[in-house]
$ cat protein_33.pdb   # PDB, N, CA and C atoms and all ligand atoms
ATOM      1  N   MET P   1     -13.006 -17.382 -21.476
ATOM      2  CA  MET P   1     -13.084 -16.012 -20.969
ATOM      3  C   MET P   1     -13.466 -16.031 -19.489
ATOM      4  N   PRO P   2     -12.681 -15.422 -18.669
ATOM      5  CA  PRO P   2     -12.979 -15.474 -17.233
ATOM      6  C   PRO P   2     -14.160 -14.586 -16.860
ATOM      7  N   VAL P   3     -14.810 -14.980 -15.805
ATOM      8  CA  VAL P   3     -15.919 -14.194 -15.285
ATOM      9  C   VAL P   3     -15.466 -13.526 -13.988
ATOM     10  N   TYR P   4     -15.665 -12.235 -13.944
ATOM     11  CA  TYR P   4     -15.289 -11.493 -12.748
ATOM     12  C   TYR P   4     -16.547 -11.105 -11.979
ATOM     13  N   GLU P   5     -16.462 -11.259 -10.692
ATOM     14  CA  GLU P   5     -17.590 -10.881  -9.845
ATOM     15  C   GLU P   5     -17.273  -9.580  -9.130
ATOM     16  N   TYR P   6     -18.279  -8.733  -9.070
ATOM     17  CA  TYR P   6     -18.088  -7.447  -8.416
ATOM     18  C   TYR P   6     -19.205  -7.183  -7.424
ATOM     19  N   HIS P   7     -18.874  -6.365  -6.483
ATOM     20  CA  HIS P   7     -19.859  -5.932  -5.499
ATOM     21  C   HIS P   7     -19.838  -4.416  -5.460
ATOM     22  N   CYS P   8     -20.999  -3.837  -5.577
ATOM     23  CA  CYS P   8     -21.090  -2.383  -5.566
ATOM     24  C   CYS P   8     -21.136  -1.884  -4.129
ATOM     25  N   ASP P   9     -20.245  -0.961  -3.819
ATOM     26  CA  ASP P   9     -20.203  -0.416  -2.466
ATOM     27  C   ASP P   9     -21.355   0.543  -2.199
ATOM     28  N   LYS P  10     -21.926   1.023  -3.269
ATOM     29  CA  LYS P  10     -22.935   2.062  -3.117
ATOM     30  C   LYS P  10     -24.322   1.480  -2.865
ATOM     31  N   CYS P  11     -24.692   0.514  -3.684
ATOM     32  CA  CYS P  11     -26.050  -0.025  -3.560
ATOM     33  C   CYS P  11     -26.052  -1.506  -3.198
ATOM     34  N   ASN P  12     -24.881  -2.044  -2.899
ATOM     35  CA  ASN P  12     -24.750  -3.440  -2.495
ATOM     36  C   ASN P  12     -25.199  -4.423  -3.565
ATOM     37  N   ASN P  13     -25.172  -3.989  -4.778
ATOM     38  CA  ASN P  13     -25.533  -4.878  -5.869
ATOM     39  C   ASN P  13     -24.350  -5.787  -6.202
ATOM     40  N   LYS P  14     -24.672  -7.021  -6.515
ATOM     41  CA  LYS P  14     -23.635  -7.938  -6.966
ATOM     42  C   LYS P  14     -23.852  -8.234  -8.434
ATOM     43  N   PHE P  15     -22.790  -8.193  -9.196
ATOM     44  CA  PHE P  15     -22.943  -8.484 -10.609
ATOM     45  C   PHE P  15     -21.681  -9.132 -11.136
ATOM     46  N   GLU P  16     -21.845  -9.737 -12.304
ATOM     47  CA  GLU P  16     -20.728 -10.428 -12.931
ATOM     48  C   GLU P  16     -20.421  -9.795 -14.266
ATOM     49  N   ARG P  17     -19.181  -9.891 -14.632
ATOM     50  CA  ARG P  17     -18.792  -9.418 -15.957
ATOM     51  C   ARG P  17     -17.872 -10.434 -16.597
ATOM     52  N   LYS P  18     -18.154 -10.699 -17.841
ATOM     53  CA  LYS P  18     -17.269 -11.549 -18.622
ATOM     54  C   LYS P  18     -16.400 -10.659 -19.480
ATOM     55  N   CYS P  19     -15.131 -10.763 -19.317
ATOM     56  CA  CYS P  19     -14.248 -10.002 -20.183
ATOM     57  C   CYS P  19     -12.878 -10.657 -20.196
ATOM     58  N   THR P  20     -12.121 -10.292 -21.178
ATOM     59  CA  THR P  20     -10.783 -10.846 -21.268
ATOM     60  C   THR P  20      -9.898 -10.228 -20.197
ATOM     61  N   VAL P  21      -8.776 -10.853 -19.968
ATOM     62  CA  VAL P  21      -7.853 -10.331 -18.966
ATOM     63  C   VAL P  21      -7.370  -8.941 -19.363
ATOM     64  N   GLU P  22      -7.188  -8.757 -20.650
ATOM     65  CA  GLU P  22      -6.743  -7.457 -21.137
ATOM     66  C   GLU P  22      -7.789  -6.379 -20.865
ATOM     67  N   GLU P  23      -9.021  -6.696 -21.186
ATOM     68  CA  GLU P  23     -10.103  -5.753 -20.937
ATOM     69  C   GLU P  23     -10.240  -5.462 -19.449
ATOM     70  N   HIS P  24     -10.081  -6.508 -18.692
ATOM     71  CA  HIS P  24     -10.224  -6.363 -17.248
ATOM     72  C   HIS P  24      -9.178  -5.403 -16.697
ATOM     73  N   GLY P  25      -7.985  -5.464 -17.249
ATOM     74  CA  GLY P  25      -6.928  -4.589 -16.774
ATOM     75  C   GLY P  25      -7.131  -3.146 -17.195
ATOM     76  N   GLU P  26      -7.831  -2.941 -18.306
ATOM     77  CA  GLU P  26      -7.963  -1.597 -18.836
ATOM     78  C   GLU P  26      -9.218  -0.876 -18.352
ATOM     79  N   LYS P  27     -10.310  -1.644 -18.327
ATOM     80  CA  LYS P  27     -11.586  -0.995 -18.060
ATOM     81  C   LYS P  27     -12.012  -1.175 -16.620
ATOM     82  N   ARG P  28     -12.595  -0.152 -16.111
ATOM     83  CA  ARG P  28     -13.220  -0.259 -14.803
ATOM     84  C   ARG P  28     -14.695  -0.556 -14.992
ATOM     85  N   PRO P  29     -15.191  -1.552 -14.297
ATOM     86  CA  PRO P  29     -16.607  -1.870 -14.445
ATOM     87  C   PRO P  29     -17.472  -0.869 -13.687
ATOM     88  N   ARG P  30     -18.658  -0.715 -14.200
ATOM     89  CA  ARG P  30     -19.639   0.121 -13.515
ATOM     90  C   ARG P  30     -20.752  -0.767 -12.999
ATOM     91  N   CYS P  31     -21.323  -0.350 -11.920
ATOM     92  CA  CYS P  31     -22.490  -1.057 -11.420
ATOM     93  C   CYS P  31     -23.633  -0.859 -12.400
ATOM     94  N   PRO P  32     -24.235  -1.943 -12.885
ATOM     95  CA  PRO P  32     -25.321  -1.817 -13.855
ATOM     96  C   PRO P  32     -26.590  -1.252 -13.232
ATOM     97  N   LYS P  33     -26.626  -1.224 -11.937
ATOM     98  CA  LYS P  33     -27.834  -0.778 -11.253
ATOM     99  C   LYS P  33     -27.814   0.725 -10.979
ATOM    100  N   CYS P  34     -26.720   1.182 -10.377
ATOM    101  CA  CYS P  34     -26.670   2.594  -9.995
ATOM    102  C   CYS P  34     -25.584   3.354 -10.731
ATOM    103  N   ASP P  35     -24.869   2.657 -11.616
ATOM    104  CA  ASP P  35     -23.879   3.300 -12.470
ATOM    105  C   ASP P  35     -22.682   3.838 -11.689
ATOM    106  N   SER P  36     -22.464   3.298 -10.518
ATOM    107  CA  SER P  36     -21.344   3.750  -9.707
ATOM    108  C   SER P  36     -20.057   3.044 -10.110
ATOM    109  N   LEU P  37     -18.959   3.728  -9.932
ATOM    110  CA  LEU P  37     -17.660   3.104 -10.190
ATOM    111  C   LEU P  37     -17.053   2.542  -8.912
ATOM    112  N   LYS P  38     -17.750   2.731  -7.818
ATOM    113  CA  LYS P  38     -17.230   2.223  -6.549
ATOM    114  C   LYS P  38     -17.603   0.758  -6.386
ATOM    115  N   VAL P  39     -16.961  -0.067  -7.158
ATOM    116  CA  VAL P  39     -17.235  -1.491  -7.093
ATOM    117  C   VAL P  39     -15.984  -2.220  -6.622
ATOM    118  N   THR P  40     -16.218  -3.282  -5.908
ATOM    119  CA  THR P  40     -15.119  -4.093  -5.409
ATOM    120  C   THR P  40     -15.168  -5.448  -6.082
ATOM    121  N   GLN P  41     -14.037  -5.879  -6.547
ATOM    122  CA  GLN P  41     -14.016  -7.181  -7.201
ATOM    123  C   GLN P  41     -14.068  -8.296  -6.178
ATOM    124  N   GLN P  42     -14.876  -9.286  -6.476
ATOM    125  CA  GLN P  42     -14.985 -10.448  -5.620
ATOM    126  C   GLN P  42     -14.263 -11.615  -6.269
ATOM    127  N   PHE P  43     -13.683 -12.429  -5.441
ATOM    128  CA  PHE P  43     -13.024 -13.615  -5.962
ATOM    129  C   PHE P  43     -13.737 -14.845  -5.432
ATOM    130  N   SER P  44     -14.024 -15.742  -6.344
ATOM    131  CA  SER P  44     -14.811 -16.909  -5.958
ATOM    132  C   SER P  44     -14.006 -17.848  -5.074
ATOM    133  N   SER P  45     -12.691 -17.844  -5.244
ATOM    134  CA  SER P  45     -11.876 -18.781  -4.482
ATOM    135  C   SER P  45     -11.569 -18.242  -3.088
ATOM    136  N   PHE P  46     -11.395 -16.951  -3.002
ATOM    137  CA  PHE P  46     -11.150 -16.366  -1.692
ATOM    138  C   PHE P  46     -11.843 -15.013  -1.605
ATOM    139  N   PHE P  47     -12.504 -14.782  -0.503
ATOM    140  CA  PHE P  47     -13.306 -13.584  -0.397
ATOM    141  C   PHE P  47     -12.626 -12.488   0.416
ATOM    142  N   ALA P  48     -11.537 -12.833   1.027
ATOM    143  CA  ALA P  48     -10.810 -11.809   1.776
ATOM    144  C   ALA P  48     -10.255 -10.780   0.820
ATOM    145  N   LYS P  49     -10.251  -9.552   1.244
ATOM    146  CA  LYS P  49      -9.754  -8.496   0.363
ATOM    147  C   LYS P  49      -8.236  -8.453   0.439
ATOM    148  N   THR P  50      -7.630  -9.065  -0.546
ATOM    149  CA  THR P  50      -6.185  -9.091  -0.585
ATOM    150  C   THR P  50      -5.651  -8.226  -1.719
ATOM    151  N   ALA P  51      -6.435  -8.120  -2.760
ATOM    152  CA  ALA P  51      -5.985  -7.368  -3.916
ATOM    153  C   ALA P  51      -6.333  -5.891  -3.735
ATOM    154  N   SER P  52      -5.386  -5.137  -3.336
ATOM    155  CA  SER P  52      -5.629  -3.721  -3.112
ATOM    156  C   SER P  52      -4.865  -2.852  -4.105
ATOM    157  N   LYS P  53      -4.241  -3.508  -5.048
ATOM    158  CA  LYS P  53      -3.551  -2.726  -6.068
ATOM    159  C   LYS P  53      -4.543  -2.168  -7.062
ATOM    160  N   SER P  54      -4.473  -0.906  -7.330
ATOM    161  CA  SER P  54      -5.456  -0.311  -8.200
ATOM    162  C   SER P  54      -4.852   0.029  -9.534
TER     163      SER P  54
HETATM  164 ZN    ZN Q   1     -24.580   0.016  -7.451
END
$ encode --input "protein_33.pdb" --output "structure tokens" --more "lines below"
Ligand SMILES: [Zn+2]
Amino acid sequence: MPVYEYHCDKCNNKFERKCTVEEHGEKRPRCPKCDSLKVTQQFSSFFAKTASKS
């Protein structure tokens, strides 16, 4: 199961989520700290923001 890293734009919290690829495509993660949906996915291999497809 892949681990996805996210960064919250609102409170700058970083968190990880383990979920299947299917779940990842369907669900939007929430920041566990401030409950915001404004989170940006981080990629461990490359940190440049290339994935802008929503
Ligand atoms: Zn947050």
$ residues_near_ligand --input "protein_33.pdb" --ligand "ligand ZN 1 (chain Q)" --cutoff "12 Å" --atoms "only C-alpha atoms and all ligand atoms" --output "PDB file with N, CA and C atoms, in the coordinates of the input"
ATOM      1  N   TYR P   6     -18.279  -8.733  -9.070  1.00  0.00           N
ATOM      2  CA  TYR P   6     -18.088  -7.447  -8.416  1.00  0.00           C
ATOM      3  C   TYR P   6     -19.205  -7.183  -7.424  1.00  0.00           C
ATOM      4  N   HIS P   7     -18.874  -6.365  -6.483  1.00  0.00           N
ATOM      5  CA  HIS P   7     -19.859  -5.932  -5.499  1.00  0.00           C
ATOM      6  C   HIS P   7     -19.838  -4.416  -5.460  1.00  0.00           C
ATOM      7  N   CYS P   8     -20.999  -3.837  -5.577  1.00  0.00           N
ATOM      8  CA  CYS P   8     -21.090  -2.383  -5.566  1.00  0.00           C
ATOM      9  C   CYS P   8     -21.136  -1.884  -4.129  1.00  0.00           C
ATOM     10  N   ASP P   9     -20.245  -0.961  -3.819  1.00  0.00           N
ATOM     11  CA  ASP P   9     -20.203  -0.416  -2.466  1.00  0.00           C
ATOM     12  C   ASP P   9     -21.355   0.543  -2.199  1.00  0.00           C
ATOM     13  N   LYS P  10     -21.926   1.023  -3.269  1.00  0.00           N
ATOM     14  CA  LYS P  10     -22.935   2.062  -3.117  1.00  0.00           C
ATOM     15  C   LYS P  10     -24.322   1.480  -2.865  1.00  0.00           C
ATOM     16  N   CYS P  11     -24.692   0.514  -3.684  1.00  0.00           N
ATOM     17  CA  CYS P  11     -26.050  -0.025  -3.560  1.00  0.00           C
ATOM     18  C   CYS P  11     -26.052  -1.506  -3.198  1.00  0.00           C
ATOM     19  N   ASN P  12     -24.881  -2.044  -2.899  1.00  0.00           N
ATOM     20  CA  ASN P  12     -24.750  -3.440  -2.495  1.00  0.00           C
ATOM     21  C   ASN P  12     -25.199  -4.423  -3.565  1.00  0.00           C
ATOM     22  N   ASN P  13     -25.172  -3.989  -4.778  1.00  0.00           N
ATOM     23  CA  ASN P  13     -25.533  -4.878  -5.869  1.00  0.00           C
ATOM     24  C   ASN P  13     -24.350  -5.787  -6.202  1.00  0.00           C
ATOM     25  N   LYS P  14     -24.672  -7.021  -6.515  1.00  0.00           N
ATOM     26  CA  LYS P  14     -23.635  -7.938  -6.966  1.00  0.00           C
ATOM     27  C   LYS P  14     -23.852  -8.234  -8.434  1.00  0.00           C
ATOM     28  N   PHE P  15     -22.790  -8.193  -9.196  1.00  0.00           N
ATOM     29  CA  PHE P  15     -22.943  -8.484 -10.609  1.00  0.00           C
ATOM     30  C   PHE P  15     -21.681  -9.132 -11.136  1.00  0.00           C
ATOM     31  N   PRO P  29     -15.191  -1.552 -14.297  1.00  0.00           N
ATOM     32  CA  PRO P  29     -16.607  -1.870 -14.445  1.00  0.00           C
ATOM     33  C   PRO P  29     -17.472  -0.869 -13.687  1.00  0.00           C
ATOM     34  N   ARG P  30     -18.658  -0.715 -14.200  1.00  0.00           N
ATOM     35  CA  ARG P  30     -19.639   0.121 -13.515  1.00  0.00           C
ATOM     36  C   ARG P  30     -20.752  -0.767 -12.999  1.00  0.00           C
ATOM     37  N   CYS P  31     -21.323  -0.350 -11.920  1.00  0.00           N
ATOM     38  CA  CYS P  31     -22.490  -1.057 -11.420  1.00  0.00           C
ATOM     39  C   CYS P  31     -23.633  -0.859 -12.400  1.00  0.00           C
ATOM     40  N   PRO P  32     -24.235  -1.943 -12.885  1.00  0.00           N
ATOM     41  CA  PRO P  32     -25.321  -1.817 -13.855  1.00  0.00           C
ATOM     42  C   PRO P  32     -26.590  -1.252 -13.232  1.00  0.00           C
ATOM     43  N   LYS P  33     -26.626  -1.224 -11.937  1.00  0.00           N
ATOM     44  CA  LYS P  33     -27.834  -0.778 -11.253  1.00  0.00           C
ATOM     45  C   LYS P  33     -27.814   0.725 -10.979  1.00  0.00           C
ATOM     46  N   CYS P  34     -26.720   1.182 -10.377  1.00  0.00           N
ATOM     47  CA  CYS P  34     -26.670   2.594  -9.995  1.00  0.00           C
ATOM     48  C   CYS P  34     -25.584   3.354 -10.731  1.00  0.00           C
ATOM     49  N   ASP P  35     -24.869   2.657 -11.616  1.00  0.00           N
ATOM     50  CA  ASP P  35     -23.879   3.300 -12.470  1.00  0.00           C
ATOM     51  C   ASP P  35     -22.682   3.838 -11.689  1.00  0.00           C
ATOM     52  N   SER P  36     -22.464   3.298 -10.518  1.00  0.00           N
ATOM     53  CA  SER P  36     -21.344   3.750  -9.707  1.00  0.00           C
ATOM     54  C   SER P  36     -20.057   3.044 -10.110  1.00  0.00           C
ATOM     55  N   LEU P  37     -18.959   3.728  -9.932  1.00  0.00           N
ATOM     56  CA  LEU P  37     -17.660   3.104 -10.190  1.00  0.00           C
ATOM     57  C   LEU P  37     -17.053   2.542  -8.912  1.00  0.00           C
ATOM     58  N   LYS P  38     -17.750   2.731  -7.818  1.00  0.00           N
ATOM     59  CA  LYS P  38     -17.230   2.223  -6.549  1.00  0.00           C
ATOM     60  C   LYS P  38     -17.603   0.758  -6.386  1.00  0.00           C
ATOM     61  N   VAL P  39     -16.961  -0.067  -7.158  1.00  0.00           N
ATOM     62  CA  VAL P  39     -17.235  -1.491  -7.093  1.00  0.00           C
ATOM     63  C   VAL P  39     -15.984  -2.220  -6.622  1.00  0.00           C
ATOM     64  N   THR P  40     -16.218  -3.282  -5.908  1.00  0.00           N
ATOM     65  CA  THR P  40     -15.119  -4.093  -5.409  1.00  0.00           C
ATOM     66  C   THR P  40     -15.168  -5.448  -6.082  1.00  0.00           C
TER      67      THR P  40
END
$ axis_aligned_box --input "protein_33.pdb" --around "segment 36-45 of chain P" --padding-each-side "8 Å" --output "lines of an AutoDock Vina configuration file"
center_x = -17.0
center_y = -7.5
center_z = -6.8
size_x = 26.9
size_y = 38.5
size_z = 23.4
$ atom_distance --input "protein_33.pdb" --atom1 "atom CA of Cys19 of chain P" --atom2 "atom C of Tyr4 of chain P"
8.6 Å
$ resolve_selection --input "protein_33.pdb" --expression "the PyMOL selection byres (((chain P and resi 1 and name CA) around 10) and not hetatm and name CA)" --output "ChimeraX atom specification"
/P:2-4,18-21
$ write_last_selection --input "protein_33.pdb" --atoms "N, CA and C atoms" --output "PDB file, in the frame of the given file"
ATOM      1  N   PRO P   2     -12.681 -15.422 -18.669  1.00  0.00           N
ATOM      2  CA  PRO P   2     -12.979 -15.474 -17.233  1.00  0.00           C
ATOM      3  C   PRO P   2     -14.160 -14.586 -16.860  1.00  0.00           C
ATOM      4  N   VAL P   3     -14.810 -14.980 -15.805  1.00  0.00           N
ATOM      5  CA  VAL P   3     -15.919 -14.194 -15.285  1.00  0.00           C
ATOM      6  C   VAL P   3     -15.466 -13.526 -13.988  1.00  0.00           C
ATOM      7  N   TYR P   4     -15.665 -12.235 -13.944  1.00  0.00           N
ATOM      8  CA  TYR P   4     -15.289 -11.493 -12.748  1.00  0.00           C
ATOM      9  C   TYR P   4     -16.547 -11.105 -11.979  1.00  0.00           C
ATOM     10  N   LYS P  18     -18.154 -10.699 -17.841  1.00  0.00           N
ATOM     11  CA  LYS P  18     -17.269 -11.549 -18.622  1.00  0.00           C
ATOM     12  C   LYS P  18     -16.400 -10.659 -19.480  1.00  0.00           C
ATOM     13  N   CYS P  19     -15.131 -10.763 -19.317  1.00  0.00           N
ATOM     14  CA  CYS P  19     -14.248 -10.002 -20.183  1.00  0.00           C
ATOM     15  C   CYS P  19     -12.878 -10.657 -20.196  1.00  0.00           C
ATOM     16  N   THR P  20     -12.121 -10.292 -21.178  1.00  0.00           N
ATOM     17  CA  THR P  20     -10.783 -10.846 -21.268  1.00  0.00           C
ATOM     18  C   THR P  20      -9.898 -10.228 -20.197  1.00  0.00           C
ATOM     19  N   VAL P  21      -8.776 -10.853 -19.968  1.00  0.00           N
ATOM     20  CA  VAL P  21      -7.853 -10.331 -18.966  1.00  0.00           C
ATOM     21  C   VAL P  21      -7.370  -8.941 -19.363  1.00  0.00           C
TER      22      VAL P  21
END
$ atom_distance --input "protein_33.pdb" --atom1 "atom CA of Phe43 of chain P" --atom2 "atom N of Lys27 of chain P"
17.4 Å
